[in-house]
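Engineer: What follows is the file run.csv, containing CSV, N, CA and C atoms:
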```
chain,number,residue,atom,x,y,z
A,1,MET,N,-52.9,8.6,14.4
A,1,MET,CA,-53.1,7.6,13.4
A,1,MET,C,-52.0,7.6,12.4
A,2,ALA,N,-51.4,6.5,12.2
A,2,ALA,CA,-50.3,6.4,11.2
A,2,ALA,C,-50.8,6.6,9.8
A,3,ARG,N,-50.0,7.3,9.0
A,3,ARG,CA,-50.5,7.6,7.6
A,3,ARG,C,-50.8,6.4,6.8
A,4,ASP,N,-50.2,5.3,7.0
A,4,ASP,CA,-50.5,4.1,6.3
A,4,ASP,C,-51.8,3.4,6.7
A,5,SER,N,-52.3,3.9,7.9
A,5,SER,CA,-53.6,3.3,8.4
A,5,SER,C,-54.8,4.2,8.1
A,6,LEU,N,-54.6,5.4,7.4
A,6,LEU,CA,-55.7,6.2,7.1
A,6,LEU,C,-56.6,5.6,6.1
A,7,PRO,N,-57.9,5.8,6.2
A,7,PRO,CA,-58.8,5.3,5.2
A,7,PRO,C,-58.5,6.0,3.8
A,8,ALA,N,-58.9,5.3,2.7
A,8,ALA,CA,-58.5,5.8,1.4
A,8,ALA,C,-59.0,7.2,1.1
A,9,ARG,N,-60.1,7.6,1.7
A,9,ARG,CA,-60.7,8.9,1.4
A,9,ARG,C,-60.0,10.0,2.2
A,10,LEU,N,-59.1,9.7,3.1
A,10,LEU,CA,-58.3,10.7,3.8
A,10,LEU,C,-56.9,10.8,3.4
A,11,ARG,N,-56.4,12.1,3.4
A,11,ARG,CA,-54.9,12.2,3.1
A,11,ARG,C,-54.3,13.1,4.2
A,12,GLU,N,-53.1,12.8,4.5
A,12,GLU,CA,-52.4,13.5,5.6
A,12,GLU,C,-51.9,14.9,4.9
A,13,THR,N,-52.1,16.0,5.7
A,13,THR,CA,-51.7,17.3,5.2
A,13,THR,C,-50.7,18.0,6.0
A,14,HIS,N,-50.6,17.6,7.3
A,14,HIS,CA,-49.6,18.2,8.2
A,14,HIS,C,-49.0,17.2,9.1
A,15,VAL,N,-47.7,17.3,9.2
A,15,VAL,CA,-46.9,16.4,10.1
A,15,VAL,C,-46.1,17.2,11.1
A,16,SER,N,-46.1,16.7,12.3
A,16,SER,CA,-45.3,17.4,13.3
A,16,SER,C,-43.8,17.2,13.1
A,17,LEU,N,-43.1,18.3,13.1
A,17,LEU,CA,-41.6,18.3,12.9
A,17,LEU,C,-40.9,17.7,14.2
A,18,PHE,N,-41.7,17.7,15.3
A,18,PHE,CA,-41.1,17.2,16.5
A,18,PHE,C,-41.0,15.7,16.6
A,19,ASP,N,-42.1,15.1,16.3
A,19,ASP,CA,-42.2,13.6,16.5
A,19,ASP,C,-42.8,12.9,15.3
A,20,GLY,N,-43.1,13.6,14.2
A,20,GLY,CA,-43.6,12.9,13.0
A,20,GLY,C,-45.0,12.5,13.1
A,21,SER,N,-45.7,12.9,14.1
A,21,SER,CA,-47.1,12.5,14.3
A,21,SER,C,-48.0,13.3,13.3
A,22,ASN,N,-49.2,12.8,13.0
A,22,ASN,CA,-50.1,13.4,12.1
A,22,ASN,C,-50.7,14.7,12.8
A,23,CYS,N,-50.8,15.8,12.1
A,23,CYS,CA,-51.3,17.0,12.7
A,23,CYS,C,-52.4,17.6,11.7
A,24,GLY,N,-52.7,16.9,10.6
A,24,GLY,CA,-53.7,17.5,9.7
A,24,GLY,C,-54.2,16.4,8.7
A,25,ILE,N,-55.4,16.5,8.4
A,25,ILE,CA,-56.0,15.6,7.4
A,25,ILE,C,-57.0,16.3,6.5
A,26,ALA,N,-57.3,15.8,5.4
A,26,ALA,CA,-58.3,16.3,4.5
A,26,ALA,C,-59.0,15.2,3.8
A,27,LEU,N,-60.3,15.3,3.5
A,27,LEU,CA,-61.0,14.4,2.7
A,27,LEU,C,-60.7,14.6,1.3
A,28,VAL,N,-60.5,13.6,0.5
A,28,VAL,CA,-60.2,13.7,-0.9
A,28,VAL,C,-61.4,14.0,-1.7
A,29,ASP,N,-62.6,13.6,-1.2
A,29,ASP,CA,-63.8,13.7,-2.0
A,29,ASP,C,-64.8,14.8,-1.5
A,30,ARG,N,-64.4,15.6,-0.6
A,30,ARG,CA,-65.3,16.6,0.0
A,30,ARG,C,-64.4,17.8,0.4
A,31,PRO,N,-65.0,19.0,0.5
A,31,PRO,CA,-64.2,20.2,1.0
A,31,PRO,C,-64.1,20.2,2.5
A,32,VAL,N,-63.4,19.3,3.0
A,32,VAL,CA,-63.2,19.2,4.5
A,32,VAL,C,-61.8,19.0,4.8
A,33,PHE,N,-61.3,19.7,5.8
A,33,PHE,CA,-59.9,19.5,6.3
A,33,PHE,C,-59.9,19.9,7.8
A,34,ALA,N,-58.9,19.4,8.5
A,34,ALA,CA,-58.7,19.7,9.9
A,34,ALA,C,-57.2,19.7,10.2
A,35,VAL,N,-56.9,20.5,11.2
A,35,VAL,CA,-55.5,20.6,11.6
A,35,VAL,C,-55.5,20.6,13.2
A,36,GLN,N,-54.5,20.2,13.8
A,36,GLN,CA,-54.3,20.2,15.2
A,36,GLN,C,-52.9,20.7,15.5
A,37,HIS,N,-52.8,22.0,15.8
A,37,HIS,CA,-51.6,22.6,16.2
A,37,HIS,C,-51.9,23.9,17.0
A,38,HIS,N,-50.9,24.5,17.4
A,38,HIS,CA,-51.1,25.8,18.2
A,38,HIS,C,-50.4,26.9,17.5
A,39,PRO,N,-51.2,27.6,16.6
A,39,PRO,CA,-50.6,28.7,15.8
A,39,PRO,C,-50.0,29.8,16.6
A,40,GLU,N,-50.5,30.0,17.8
A,40,GLU,CA,-50.0,31.1,18.7
A,40,GLU,C,-48.5,30.8,19.1
A,41,ALA,N,-48.1,29.5,19.0
A,41,ALA,CA,-46.7,29.1,19.4
A,41,ALA,C,-45.8,29.3,18.2
A,42,SER,N,-46.3,29.6,17.0
A,42,SER,CA,-45.5,29.7,15.8
A,42,SER,C,-44.6,31.0,15.9
A,43,PRO,N,-43.6,31.1,15.1
A,43,PRO,CA,-42.7,32.3,15.1
A,43,PRO,C,-43.4,33.5,14.5
A,44,GLY,N,-44.4,33.3,13.6
A,44,GLY,CA,-45.0,34.5,13.0
A,44,GLY,C,-46.4,34.6,13.1
A,45,PRO,N,-47.0,35.8,13.1
A,45,PRO,CA,-48.4,36.0,13.3
A,45,PRO,C,-49.4,35.5,12.2
A,46,VAL,N,-48.8,35.3,11.0
A,46,VAL,CA,-49.7,34.9,9.9
A,46,VAL,C,-49.3,33.5,9.4
A,47,ASP,N,-48.7,32.7,10.2
A,47,ASP,CA,-48.2,31.4,9.7
A,47,ASP,C,-49.4,30.4,9.4
A,48,SER,N,-50.5,30.7,10.0
A,48,SER,CA,-51.7,29.8,9.7
A,48,SER,C,-52.8,30.5,8.8
A,49,LEU,N,-52.5,31.7,8.3
A,49,LEU,CA,-53.4,32.5,7.6
A,49,LEU,C,-53.9,31.7,6.4
A,50,TYR,N,-53.1,30.9,5.7
A,50,TYR,CA,-53.5,30.1,4.6
A,50,TYR,C,-54.6,29.2,4.9
A,51,LEU,N,-54.7,28.7,6.1
A,51,LEU,CA,-55.8,27.8,6.5
A,51,LEU,C,-57.1,28.5,6.5
A,52,PHE,N,-57.1,29.8,7.0
A,52,PHE,CA,-58.3,30.6,7.0
A,52,PHE,C,-58.7,31.0,5.6
A,53,GLU,N,-57.7,31.3,4.8
A,53,GLU,CA,-58.0,31.7,3.4
A,53,GLU,C,-58.6,30.5,2.7
A,54,ARG,N,-58.1,29.3,2.9
A,54,ARG,CA,-58.6,28.1,2.3
A,54,ARG,C,-60.0,27.8,2.7
A,55,PHE,N,-60.3,28.0,4.0
A,55,PHE,CA,-61.7,27.8,4.5
A,55,PHE,C,-62.6,28.8,3.9
A,56,ALA,N,-62.2,30.1,3.8
A,56,ALA,CA,-63.1,31.1,3.2
A,56,ALA,C,-63.3,30.8,1.7
A,57,ALA,N,-62.3,30.3,1.0
A,57,ALA,CA,-62.5,30.0,-0.4
A,57,ALA,C,-63.5,28.8,-0.6
A,58,MET,N,-63.4,27.8,0.3
A,58,MET,CA,-64.3,26.7,0.3
A,58,MET,C,-65.8,27.2,0.5
A,59,MET,N,-65.9,28.2,1.4
A,59,MET,CA,-67.3,28.7,1.6
A,59,MET,C,-67.8,29.5,0.4
A,60,ASP,N,-66.9,30.3,-0.2
A,60,ASP,CA,-67.3,31.0,-1.4
A,60,ASP,C,-67.7,30.0,-2.6
A,61,ASP,N,-66.9,29.0,-2.7
A,61,ASP,CA,-67.1,28.0,-3.8
A,61,ASP,C,-68.5,27.3,-3.5
A,62,ARG,N,-68.8,27.0,-2.3
A,62,ARG,CA,-70.0,26.3,-2.0
A,62,ARG,C,-71.2,27.3,-2.2
A,63,GLN,N,-71.1,28.5,-1.9
A,63,GLN,CA,-72.1,29.5,-2.1
A,63,GLN,C,-72.4,29.7,-3.6
A,64,LYS,N,-71.4,29.7,-4.4
A,64,LYS,CA,-71.5,29.8,-5.9
A,64,LYS,C,-72.3,28.6,-6.5
A,65,GLN,N,-72.1,27.4,-5.8
A,65,GLN,CA,-72.8,26.2,-6.3
A,65,GLN,C,-74.3,26.2,-6.0
A,66,ALA,N,-74.6,26.9,-4.9
A,66,ALA,CA,-76.0,26.9,-4.4
A,66,ALA,C,-77.0,27.7,-5.4
```
Kindly transcribe the structure held in the file into structure tokens.
Structural biologist:
Amino acid sequence: MARDSLPARLRETHVSLFDGSNCGIALVDRPVFAVQHHPEASPGPVDSLYLFERFAAMMDDRQKQA
């Protein structure tokens, strides 16, 4: 999906360096995000750690609100 065709409540978060295609999105009004890539193909073992930390923080925030 081209970035200019994304609905207003979505923002692009990741772009492929190979072909410029969309590899990640996030909702602007909810704690939701998604990525599509292969972290095992990255040069380092913790290149995607920030995504798991972000997810865990979202879970913690949600639990505090309950």
Engineer: What is the atom CA of Val32 of chain A to atom C of Phe55 of chain A distance in Å?
Structural biologist: 9.6 Å
Engineer: Work out how far atom C of Gln65 of chain A is from atom C of Glu12 of chain A, in Å to one decimal.
Structural biologist: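 Here the two named atoms are 27.4 Å from each other.
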Engineer: Work out how far atom N of Val28 of chain A is from atom N of Arg9 of chain A, in Å to one decimal.
Structural biologist: 6.1 Å
Engineer: Which of chain A end up as helix (DSSP H, G or I) when DSSP is run on this backbone - answer as a ChimeraX atom specification?
Structural biologist: /A:3-5,39-41,49-65
Engineer: For Met58 of chain A, which residue among A:Thr13, A:Arg30, A:Asp19, A:Pro45 is the nearest when counting only C-alpha atoms?
Structural biologist: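 So, comparing all the options, the nearest one is A:Arg30.
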Engineer: Extract, using all atoms listed in the file, all DNA, RNA and protein residues at most 7 Å from Gln36 of chain A, discarding same-chain residues fewer than 6 positions from it, and format them as a list in words.
Structural biologist: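 The neighbour list is Asn22, Cys23, Gly24 and Ile25 of chain A.
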Engineer: Which one is closest to Leu51 of chain A: A:Leu10, A:Ala34, A:Leu17, A:Ala66? Count only C-alpha atoms.
Structural biologist: A:Ala34
Engineer: Just list as a PyMOL selection string whatever in chain A DSSP marks as strand (DSSP E).
Structural biologist: chain A and resi 10-15+22-27+33-35
